[in-house]
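structure_1.txt (compact mmCIF, C-alpha atoms and all ligand atoms)
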# COMPACT_ATOMS: atom_id res chain seq x y z
CA MET A 1 89.52 116.56 87.53
CA LYS A 2 87.02 114.13 89.06
CA LYS A 3 86.31 113.55 92.73
CA ILE A 4 86.71 109.81 93.38
CA LEU A 5 85.94 108.01 96.65
CA ILE A 6 87.63 104.63 97.09
CA PHE A 7 86.60 101.83 99.48
CA GLY A 8 89.35 99.24 100.09
CA ALA A 9 92.03 101.75 99.02
CA THR A 10 94.51 100.45 101.60
CA GLY A 11 94.59 96.97 100.02
CA PHE A 12 96.95 95.51 97.41
CA ILE A 13 95.01 96.80 94.39
CA GLY A 14 93.59 99.88 96.11
CA ARG A 15 96.99 101.33 97.03
CA GLU A 16 98.26 101.20 93.47
CA LEU A 17 94.96 102.45 92.08
CA THR A 18 94.85 105.38 94.49
CA LYS A 19 98.40 106.43 93.66
CA TYR A 20 97.71 106.18 89.91
CA LEU A 21 94.38 108.03 89.93
CA GLN A 22 95.78 110.70 92.22
CA GLU A 23 97.82 112.06 89.29
CA SER A 24 94.75 113.45 87.56
CA ASN A 25 91.87 113.31 90.06
CA GLU A 26 90.96 114.38 93.56
CA ILE A 27 90.97 111.19 95.63
CA TYR A 28 89.12 110.42 98.85
CA VAL A 29 89.95 107.22 100.72
CA ILE A 30 87.41 105.70 103.11
CA SER A 31 88.98 103.27 105.59
CA ARG A 32 88.17 101.41 108.81
CA ASN A 33 91.67 102.32 109.87
CA PRO A 34 92.48 105.94 109.00
CA ASP A 35 95.88 105.75 110.74
CA LYS A 36 96.91 102.88 108.44
CA ALA A 37 95.67 104.93 105.47
CA LYS A 38 97.62 108.02 106.59
CA ASN A 39 100.81 105.94 106.75
CA ILE A 40 100.26 104.56 103.26
CA PHE A 41 99.28 107.70 101.40
CA ASN A 42 100.74 111.17 101.16
CA LYS A 43 99.03 114.30 102.38
CA ALA A 44 97.33 115.00 99.05
CA ILE A 45 94.86 112.19 99.75
CA ASN A 46 91.77 112.94 101.80
CA ILE A 47 91.08 110.22 104.35
CA ILE A 48 87.62 109.55 105.73
CA ASN A 49 87.05 107.39 108.80
CA TRP A 50 84.98 104.26 108.10
CA ASP A 51 82.21 104.73 110.59
CA PHE A 52 79.06 104.60 108.59
CA ARG A 53 76.66 101.90 109.59
CA ASP A 54 74.12 104.49 108.58
CA ALA A 55 73.30 104.98 104.87
CA LYS A 56 72.20 108.60 105.48
CA MET A 57 75.66 109.51 106.78
CA LEU A 58 77.27 107.81 103.82
CA SER A 59 75.03 109.63 101.36
CA GLU A 60 76.32 112.93 102.83
CA ILE A 61 79.88 111.79 102.19
CA PHE A 62 78.90 110.76 98.66
CA SER A 63 77.20 114.07 97.92
CA SER A 64 80.34 115.78 96.62
CA MET A 65 81.71 112.72 94.72
CA ASP A 66 81.60 112.04 90.99
CA ILE A 67 82.72 108.41 91.17
CA ILE A 68 82.67 105.68 93.84
CA VAL A 69 85.04 102.71 93.61
CA ASN A 70 84.23 99.75 95.86
CA LEU A 71 87.09 97.27 96.35
CA ALA A 72 86.49 96.47 100.03
CA GLY A 73 86.11 93.00 101.47
CA GLU A 74 87.68 90.45 103.78
CA ASN A 75 90.75 88.94 102.07
CA ILE A 76 89.77 85.55 100.61
CA ALA A 77 93.20 83.93 100.94
CA ALA A 78 94.36 85.17 104.33
CA LYS A 79 92.75 82.50 106.53
CA LEU A 80 91.36 78.97 106.27
CA TRP A 81 87.78 78.82 105.04
CA THR A 82 86.04 77.86 108.27
CA LYS A 83 82.27 78.40 108.41
CA ASN A 84 82.87 81.72 110.22
CA GLN A 85 85.50 82.90 107.79
CA LYS A 86 83.29 82.12 104.79
CA GLN A 87 80.49 84.13 106.36
CA LYS A 88 82.92 87.01 106.92
CA ILE A 89 84.12 86.87 103.30
CA LEU A 90 80.52 87.09 102.09
CA ASN A 91 79.05 89.54 104.61
CA SER A 92 81.97 91.99 104.45
CA ARG A 93 81.17 92.39 100.75
CA THR A 94 77.39 92.32 100.61
CA ASP A 95 76.94 94.55 103.69
CA ILE A 96 79.09 97.31 102.19
CA GLY A 97 77.49 96.88 98.77
CA LYS A 98 73.97 97.23 100.21
CA LEU A 99 74.97 100.26 102.25
CA ILE A 100 76.54 101.97 99.22
CA SER A 101 73.42 101.19 97.23
CA GLU A 102 71.06 102.52 99.94
CA ALA A 103 73.16 105.68 100.29
CA ILE A 104 73.10 106.37 96.54
CA ILE A 105 69.35 105.79 96.34
CA LEU A 106 68.82 108.37 99.11
CA MET A 107 70.68 111.06 97.18
CA LYS A 108 69.08 113.72 95.02
CA LYS A 109 72.15 114.43 92.87
CA LYS A 110 73.73 111.02 92.48
CA PRO A 111 77.34 110.10 91.56
CA GLU A 112 77.84 109.41 87.86
CA LEU A 113 79.50 106.02 88.24
CA LEU A 114 80.05 103.13 90.65
CA ILE A 115 82.95 100.77 89.94
CA GLN A 116 82.04 97.56 91.75
CA ALA A 117 84.74 94.92 92.34
CA SER A 118 84.08 91.26 91.67
CA ALA A 119 86.20 88.33 90.54
CA ILE A 120 86.47 85.66 87.85
CA GLY A 121 85.49 83.20 90.59
CA TYR A 122 82.02 84.05 89.24
CA TYR A 123 82.59 81.53 86.41
CA GLY A 124 83.37 78.72 88.86
CA TYR A 125 86.67 77.19 89.93
CA ASN A 126 86.81 74.71 87.11
CA THR A 127 85.78 76.24 83.80
CA ASN A 128 85.88 73.54 81.15
CA GLU A 129 85.19 76.10 78.48
CA LYS A 130 86.71 79.48 77.72
CA CYS A 131 84.78 82.17 79.54
CA ASN A 132 83.96 85.70 78.51
CA GLU A 133 81.62 88.26 80.07
CA ASN A 134 78.55 86.45 78.71
CA SER A 135 79.42 83.09 80.26
CA PRO A 136 77.06 81.83 82.97
CA LYS A 137 77.80 81.69 86.67
CA GLY A 138 79.75 78.59 87.65
CA LYS A 139 79.81 76.41 90.75
CA GLY A 140 81.49 76.88 94.11
CA PHE A 141 81.66 79.17 97.11
CA LEU A 142 83.35 82.04 95.24
CA ALA A 143 80.79 81.86 92.44
CA GLU A 144 78.02 82.30 95.02
CA VAL A 145 79.90 85.11 96.81
CA THR A 146 80.60 87.06 93.63
CA LYS A 147 77.00 86.77 92.43
CA LYS A 148 75.66 88.13 95.75
CA TRP A 149 78.42 90.76 95.85
CA GLU A 150 77.58 92.00 92.36
CA ASN A 151 73.85 91.98 93.14
CA SER A 152 74.36 94.00 96.33
CA THR A 153 74.73 97.21 94.30
CA LYS A 154 72.52 96.32 91.33
CA GLU A 155 69.58 98.45 92.40
CA ILE A 156 71.37 101.73 91.71
CA GLU A 157 71.03 101.05 87.98
CA LEU A 158 67.25 101.42 88.35
CA HIS A 159 67.97 104.91 89.71
CA GLY A 160 69.97 105.93 86.65
CA VAL A 161 73.49 105.46 88.02
CA LYS A 162 76.02 103.81 85.71
CA ARG A 163 77.62 100.71 87.22
CA ILE A 164 80.72 98.88 86.02
CA ILE A 165 81.57 95.47 87.47
CA ILE A 166 85.21 94.43 87.30
CA ARG A 167 85.63 90.66 87.41
CA THR A 168 89.33 90.57 88.20
CA GLY A 169 91.57 87.55 87.70
CA VAL A 170 94.70 86.63 89.65
CA VAL A 171 96.57 89.92 90.06
CA MET A 172 100.35 89.74 89.74
CA GLY A 173 102.31 92.32 91.69
CA VAL A 174 105.16 92.35 94.18
CA LYS A 175 103.35 93.92 97.11
CA GLY A 176 100.56 91.36 97.45
CA GLY A 177 98.63 88.60 95.74
CA ILE A 178 100.04 85.41 94.25
CA VAL A 179 103.59 86.38 93.16
CA PRO A 180 105.24 86.83 96.60
CA LYS A 181 103.60 83.56 97.71
CA LEU A 182 105.11 81.68 94.74
CA VAL A 183 108.49 83.39 94.87
CA LYS A 184 109.23 82.78 98.56
CA PRO A 185 109.55 78.96 98.45
CA VAL A 186 111.40 79.11 95.11
CA LYS A 187 114.03 81.40 96.65
CA LEU A 188 114.42 78.85 99.47
CA PHE A 189 115.01 76.06 96.90
CA LEU A 190 111.56 74.65 97.69
CA GLY A 191 109.95 75.39 94.33
CA SER A 192 107.00 73.05 93.86
CA ASN A 193 104.00 72.38 91.67
CA PHE A 194 100.58 71.65 93.06
CA GLY A 195 99.65 68.27 91.58
CA GLU A 196 100.66 68.09 87.91
CA GLY A 197 100.40 71.87 87.60
CA ASN A 198 98.04 71.53 84.65
CA ASN A 199 95.47 74.00 85.93
CA TRP A 200 95.06 77.26 83.98
CA ILE A 201 95.49 80.59 85.75
CA SER A 202 93.80 83.67 84.31
CA TRP A 203 95.85 86.58 85.51
CA VAL A 204 96.62 90.30 85.08
CA HIS A 205 99.67 92.45 85.90
CA ILE A 206 98.85 95.01 88.62
CA LYS A 207 99.80 97.86 86.24
CA ASP A 208 97.26 96.62 83.68
CA GLU A 209 94.60 96.12 86.38
CA ILE A 210 94.98 99.78 87.33
CA ARG A 211 95.18 101.00 83.71
CA ALA A 212 92.04 99.01 82.90
CA ILE A 213 90.12 100.62 85.77
CA ASP A 214 91.33 104.03 84.62
CA HIS A 215 90.15 103.21 81.07
CA LEU A 216 86.70 102.22 82.39
CA ILE A 217 86.43 105.45 84.37
CA ASN A 218 87.35 107.63 81.42
CA ASN A 219 85.79 105.80 78.48
CA GLU A 220 82.26 107.18 78.40
CA PRO A 221 80.58 104.21 76.59
CA SER A 222 82.02 101.59 79.01
CA LYS A 223 79.20 100.02 81.01
CA GLY A 224 78.32 96.68 82.64
CA ILE A 225 80.60 93.71 83.24
CA TYR A 226 84.31 93.47 82.35
CA ASN A 227 86.80 90.66 82.88
CA LEU A 228 90.12 92.09 83.99
CA VAL A 229 92.56 89.40 82.81
CA THR A 230 94.95 89.17 79.90
CA SER A 231 93.83 86.83 77.15
CA GLN A 232 96.86 84.60 77.68
CA PRO A 233 96.08 82.35 80.66
CA ILE A 234 98.98 80.18 81.78
CA GLN A 235 99.22 76.70 83.32
CA SER A 236 100.48 76.83 86.88
CA ARG A 237 103.53 74.62 86.17
CA HIS A 238 104.60 77.01 83.39
CA LEU A 239 104.21 79.96 85.73
CA ASN A 240 106.46 78.19 88.26
CA GLN A 241 108.95 77.32 85.52
CA ILE A 242 109.26 80.98 84.53
CA ILE A 243 109.76 82.03 88.15
CA GLY A 244 112.37 79.28 88.62
CA LYS A 245 114.27 80.37 85.49
CA LEU A 246 114.22 84.04 86.43
CA LEU A 247 115.42 83.30 89.96
CA LYS A 248 117.83 80.58 88.79
CA ARG A 249 116.28 78.02 91.14
CA PRO A 250 114.84 74.55 90.43
CA ILE A 251 111.15 73.65 90.62
CA TRP A 252 111.60 70.08 91.74
CA LEU A 253 108.87 69.25 94.24
CA ARG A 254 105.32 68.13 93.62
CA ILE A 255 102.68 68.47 96.30
CA PRO A 256 99.97 65.86 95.63
CA LYS A 257 96.46 67.24 95.27
CA THR A 258 95.16 64.85 97.95
CA ILE A 259 97.41 66.48 100.54
CA LEU A 260 96.20 69.94 99.53
CA TYR A 261 92.57 68.81 99.78
CA GLN A 262 93.22 67.42 103.27
CA LEU A 263 95.05 70.52 104.46
CA PHE A 264 92.93 73.23 102.87
CA GLY A 265 89.60 71.58 102.04
CA LYS A 266 87.47 73.61 99.61
CA MET A 267 90.07 76.35 99.52
CA ALA A 268 92.40 73.96 97.68
CA HIS A 269 89.80 73.36 94.94
CA GLU A 270 88.83 76.99 94.54
CA LEU A 271 92.10 78.86 95.09
CA LEU A 272 95.23 76.70 94.91
CA LEU A 273 94.02 74.42 92.12
CA ALA A 274 91.47 76.67 90.40
CA ASP A 275 91.41 75.91 86.69
CA GLN A 276 90.04 78.88 84.74
CA LYS A 277 90.39 80.10 81.19
CA VAL A 278 88.89 83.55 81.17
CA TYR A 279 89.21 86.21 78.47
CA SER A 280 88.87 90.00 78.51
CA THR A 281 86.73 90.09 75.39
CA LYS A 282 84.90 93.31 76.20
CA LEU A 283 87.89 95.34 77.34
CA GLU A 284 89.84 94.42 74.22
CA SER A 285 86.86 95.22 71.97
CA GLU A 286 87.11 98.77 73.37
CA GLY A 287 90.72 99.01 72.18
CA PHE A 288 92.38 98.48 75.56
CA ASN A 289 95.95 97.22 75.13
CA PHE A 290 97.69 95.28 77.86
CA LEU A 291 101.25 96.41 78.67
CA PHE A 292 101.93 92.83 79.79
CA PRO A 293 99.85 90.38 77.75
CA ASN A 294 102.09 87.39 78.50
CA ALA A 295 103.23 86.02 81.84
CA LYS A 296 106.95 85.87 81.02
CA ASP A 297 107.16 89.63 80.37
CA ALA A 298 104.99 90.35 83.41
CA LEU A 299 107.19 88.29 85.72
CA GLU A 300 110.40 89.72 84.29
CA ASP A 301 109.06 93.17 85.07
CA LEU A 302 107.96 92.21 88.58
CA LEU A 303 110.89 90.07 89.67
CA LYS A 304 113.50 92.68 88.79
CA LYS A 305 111.98 94.60 91.72
CA THR A 306 112.31 91.79 94.30
N1 LIG B 1 94.16 90.55 94.54
C1 LIG B 1 93.60 89.77 93.62
O1 LIG B 1 94.30 88.96 92.94
C2 LIG B 1 92.10 89.87 93.37
C3 LIG B 1 91.54 89.06 92.35
C4 LIG B 1 90.17 89.16 92.12
C5 LIG B 1 89.38 89.99 92.89
N2 LIG B 1 89.93 90.74 93.87
C6 LIG B 1 89.04 91.58 94.69
O2 LIG B 1 89.39 92.94 94.56
C7 LIG B 1 89.25 93.61 95.82
C8 LIG B 1 90.58 94.28 96.16
O3 LIG B 1 91.57 93.25 96.20
P1 LIG B 1 92.90 93.38 97.10
O4 LIG B 1 93.78 92.25 96.75
O5 LIG B 1 93.40 94.79 96.99
O6 LIG B 1 92.28 93.15 98.56
P2 LIG B 1 92.96 93.38 100.00
O7 LIG B 1 94.42 93.65 99.84
O8 LIG B 1 92.58 92.20 100.84
O9 LIG B 1 92.27 94.72 100.53
C9 LIG B 1 90.91 94.86 100.67
C10 LIG B 1 90.58 96.09 101.50
O10 LIG B 1 89.23 95.91 101.97
C11 LIG B 1 89.11 96.35 103.31
N3 LIG B 1 88.68 95.20 104.14
C12 LIG B 1 89.40 94.11 104.51
N4 LIG B 1 88.69 93.30 105.30
C13 LIG B 1 87.48 93.89 105.44
C14 LIG B 1 86.31 93.54 106.15
N5 LIG B 1 86.22 92.42 106.89
N6 LIG B 1 85.25 94.39 106.08
C15 LIG B 1 85.33 95.52 105.34
N7 LIG B 1 86.42 95.90 104.65
C16 LIG B 1 87.48 95.10 104.69
C17 LIG B 1 90.46 96.85 103.78
O11 LIG B 1 90.45 98.28 103.76
P3 LIG B 1 90.46 99.17 105.12
O12 LIG B 1 91.20 98.39 106.16
O13 LIG B 1 91.18 100.42 104.70
O14 LIG B 1 89.04 99.43 105.47
C18 LIG B 1 91.43 96.26 102.76
O15 LIG B 1 92.52 97.12 102.52
C19 LIG B 1 88.88 92.56 96.86
O16 LIG B 1 87.56 92.68 97.25
C20 LIG B 1 89.17 91.23 96.17
O17 LIG B 1 88.27 90.20 96.55
C21 LIG B 1 91.28 90.70 94.13

Hey, can you dump this file as structure tokens for me?
Ligand SMILES: NC(=O)c1ccc[n+]([C@@H]2O[C@H](COP(=O)([O-])OP(=O)(O)OC[C@H]3O[C@@H](n4cnc5c(N)ncnc54)[C@H](OP(=O)(O)O)[C@@H]3O)[C@@H](O)[C@H]2O)c1
Amino acid sequence: MKKILIFGATGFIGRELTKYLQESNEIYVISRNPDKAKNIFNKAINIINWDFRDAKMLSEIFSSMDIIVNLAGENIAAKLWTKNQKQKILNSRTDIGKLISEAIILMKKKPELLIQASAIGYYGYNTNEKCNENSPKGKGFLAEVTKKWENSTKEIELHGVKRIIIRTGVVMGVKGGIVPKLVKPVKLFLGSNFGEGNNWISWVHIKDEIRAIDHLINNEPSKGIYNLVTSQPIQSRHLNQIIGKLLKRPIWLRIPKTILYQLFGKMAHELLLADQKVYSTKLESEGFNFLFPNAKDALEDLLKKT
């Protein structure tokens, strides 16, 4: 049984991860809002108040942990990307990363592993070619953010601590992320494609996201960067078609790209219309099998719960 401390545990991915890992590990959740955390999790979870501007204090909290998982950061899709919001998206990630890194460096007996969140935005919002873990950084705001975010904890490797970076794709689940946002208008008979809907979405079912993290924690040789996506990206219009069929509703509207650009600016390019073909080459080479490799099965599983 390992002692695992999770940052960002109260979020969409973190909640599921915490509940899953709790089965066979001792879990500690560190949150800016311990009351929210207490409401989400049962009593078996230890909750630590997020009040650690100071790396020394954090290193004391870390001292009894085997593994640190860092998922924390301002949600990238919750608000319009104003200058302030973009700064918040970046700083919320790099500040925590640097603090975690400083705290680990201060420690004599260090944790064995840091799982550091990142995203496939690293490869840019318009990947003309198929990307794997060796592909170069792409262009755009999210590519810059993910690079700085990943680098914020890099130094711990020089101090002998294993680090695994999870570049996650679009996570499909019912309690957050893209699926509820797509399902809502379809249920209201307002199913629509953005532009032609030709853009490719590289995605992963929430259950596979969590299973993949568990694999990386327990598979001793795993190290470095991993894409957490299935190797069957899907075009956005096909994704909408599947949702429409499952909910027995038409997808009949088309929102022109120009309108999206005017309404959402850069966010439209990088989130709503992102065109990315990313593959989980490394994870699959380690024998990891996805429970839901294709989007139709994933959505059938998810939508039976809505
Ligand atoms: N969901 C996806 O499809 C997806 C795809 C790729 C990458 N990711 C990345 O994976 C991580 C987890 O994703 P998620 O969807 O679970 O995120 P989420 O639901 O937005 O939760 C992130 C957690 O981070 C903490 N947080 C939020 N704003 C913060 C701020 N300004 N400063 C410090 N901490 C803050 C919160 O925890 P407390 O309130 O408890 O402190 C929150 O529960 C994120 O960093 C995200 O960028 C997600």

Practice task
Considering only C-alpha atoms, return as a list in words whatever protein or nucleic-acid residues lie within 10 Å of Lys98 of chain A, sequence-local ones (same chain, fewer than 6 positions apart) excluded.
Solution key: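 The neighbour list is Ala55, Ile104, Trp149, Asn151, Ser152, Thr153, Lys154, Glu155 and Ile156 of chain A.
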
Practice task
Residues within 6 Å of ligand LIG 1 (chain B), counting only C-alpha atoms and all ligand atoms: report them as number ranges by chain.
Solution key: A: 8-14, 31-33, 71-75, 92, 117-119, 168-171, 177

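Residues in contact range of Tyr122 of chain A, defined as at most 6 Å between only C-alpha atoms, with sequence neighbours fewer than 4 positions away removed, read Lys137, Ala143 and Thr146 of chain A.
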
Exercise for the section: Quick one: residues within 12 Å of (83.1, 75.8, 93.3) (file frame), counting only C-alpha atoms, please, as an MDAnalysis selection string. Expected result: chainID A and resid 120:127 137:146 265:271 273:276

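Between Ala212 of chain A and the candidates A:Lys38, A:Arg167, A:Lys43, A:Lys147, the tightest atom-to-atom separation, counting only C-alpha atoms, involves A:Arg167.
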
Exercise for the section: Provide the atom CA of Ile30 of chain A to atom CA of Leu5 of chain A distance in Å, to one decimal place. Expected result: 7.0 Å

Exercise for the section: Measure the distance from atom CA of Leu188 of chain A to atom CA of Ile255 of chain A in Å and round it to one decimal. Expected result: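 Atom CA of Leu188 of chain A sits 16.0 Å away from atom CA of Ile255 of chain A.
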
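Restricting the calculation to only C-alpha atoms, the smallest distance between Asn49 of chain A and any of A:Val69, A:Ile61, A:Pro34, A:Ile76 is found for A:Pro34.
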
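Candidate residues A:Leu302, A:Met57, A:Ile27, A:Leu113 were compared for distance to Ile243 of chain A, and the nearest is A:Leu302, using only C-alpha atoms.
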
Exercise for the section: Would you work out the distance separating atom CA of Ser236 of chain A from atom CA of Asn198 of chain A, expressed in Å to one decimal? Expected result: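 Distance reported for this atom pair: 6.2 Å.
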
Exercise for the section: May I have the residues within 8 Å of Leu99 of chain A as number ranges by chain, using only C-alpha atoms and disregarding those fewer than 3 positions away in the same chain? Expected result: A: 53-55, 95-96, 102-103

Problem - Shortest interatomic distance to Trp203 of chain A - which of A:Asn42, A:Asn240, A:Asn294, A:Ser285, counting only C-alpha atoms - result: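 So, comparing all the options, the nearest one is A:Asn294.
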
Fill in the blank from the handout: Shortest contact to Asp208 of chain A, candidates A:Phe290, A:Tyr279, A:Ile178, A:Ala37, atoms counted only C-alpha atoms, goes to A:Phe290

Practice task
Could you tell me which of A:Gly244, A:Pro136, A:Gly224, A:Gly173 comes closest to Leu190 of chain A if we count all atoms listed in the file?
Solution key: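 Closest to Leu190 of chain A, using all atoms listed in the file: A:Gly244.
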
Problem - Selection near Pro185 of chain A, 12 Å with all atoms listed in the file, sequence-local residues under 5 positions removed, as a ChimeraX atom specification - result: /A:179-180,190-193,240,243-244,247,249-253

Got a moment to write segment 148-177 of chain A out with C-alpha atoms, as a tab-separated table (two decimals), in the first residue's frame?
chain	number	residue	atom	x	y	z
A	148	LYS	CA	6.27	25.78	-19.09
A	149	TRP	CA	4.04	23.57	-16.93
A	150	GLU	CA	6.09	20.47	-17.69
A	151	ASN	CA	9.35	22.36	-17.14
A	152	SER	CA	8.18	23.67	-13.76
A	153	THR	CA	8.94	20.30	-12.13
A	154	LYS	CA	11.80	19.17	-14.38
A	155	GLU	CA	14.55	19.92	-11.88
A	156	ILE	CA	13.56	17.09	-9.54
A	157	GLU	CA	14.94	14.61	-12.09
A	158	LEU	CA	18.43	16.00	-11.42
A	159	HIS	CA	17.84	15.04	-7.77
A	160	GLY	CA	17.07	11.42	-8.62
A	161	VAL	CA	13.26	11.54	-8.44
A	162	LYS	CA	11.36	9.70	-11.17
A	163	ARG	CA	8.93	11.94	-13.06
A	164	ILE	CA	6.13	10.88	-15.38
A	165	ILE	CA	4.38	13.47	-17.53
A	166	ILE	CA	0.86	12.64	-18.65
A	167	ARG	CA	-0.13	14.51	-21.81
A	168	THR	CA	-3.86	13.92	-21.62
A	169	GLY	CA	-6.26	14.30	-24.54
A	170	VAL	CA	-9.94	15.25	-24.41
A	171	VAL	CA	-11.33	13.25	-21.50
A	172	MET	CA	-14.81	11.80	-21.98
A	173	GLY	CA	-16.88	11.34	-18.84
A	174	VAL	CA	-20.32	12.32	-17.62
A	175	LYS	CA	-19.29	14.44	-14.66
A	176	GLY	CA	-17.17	16.97	-16.51
A	177	GLY	CA	-15.23	17.70	-19.67
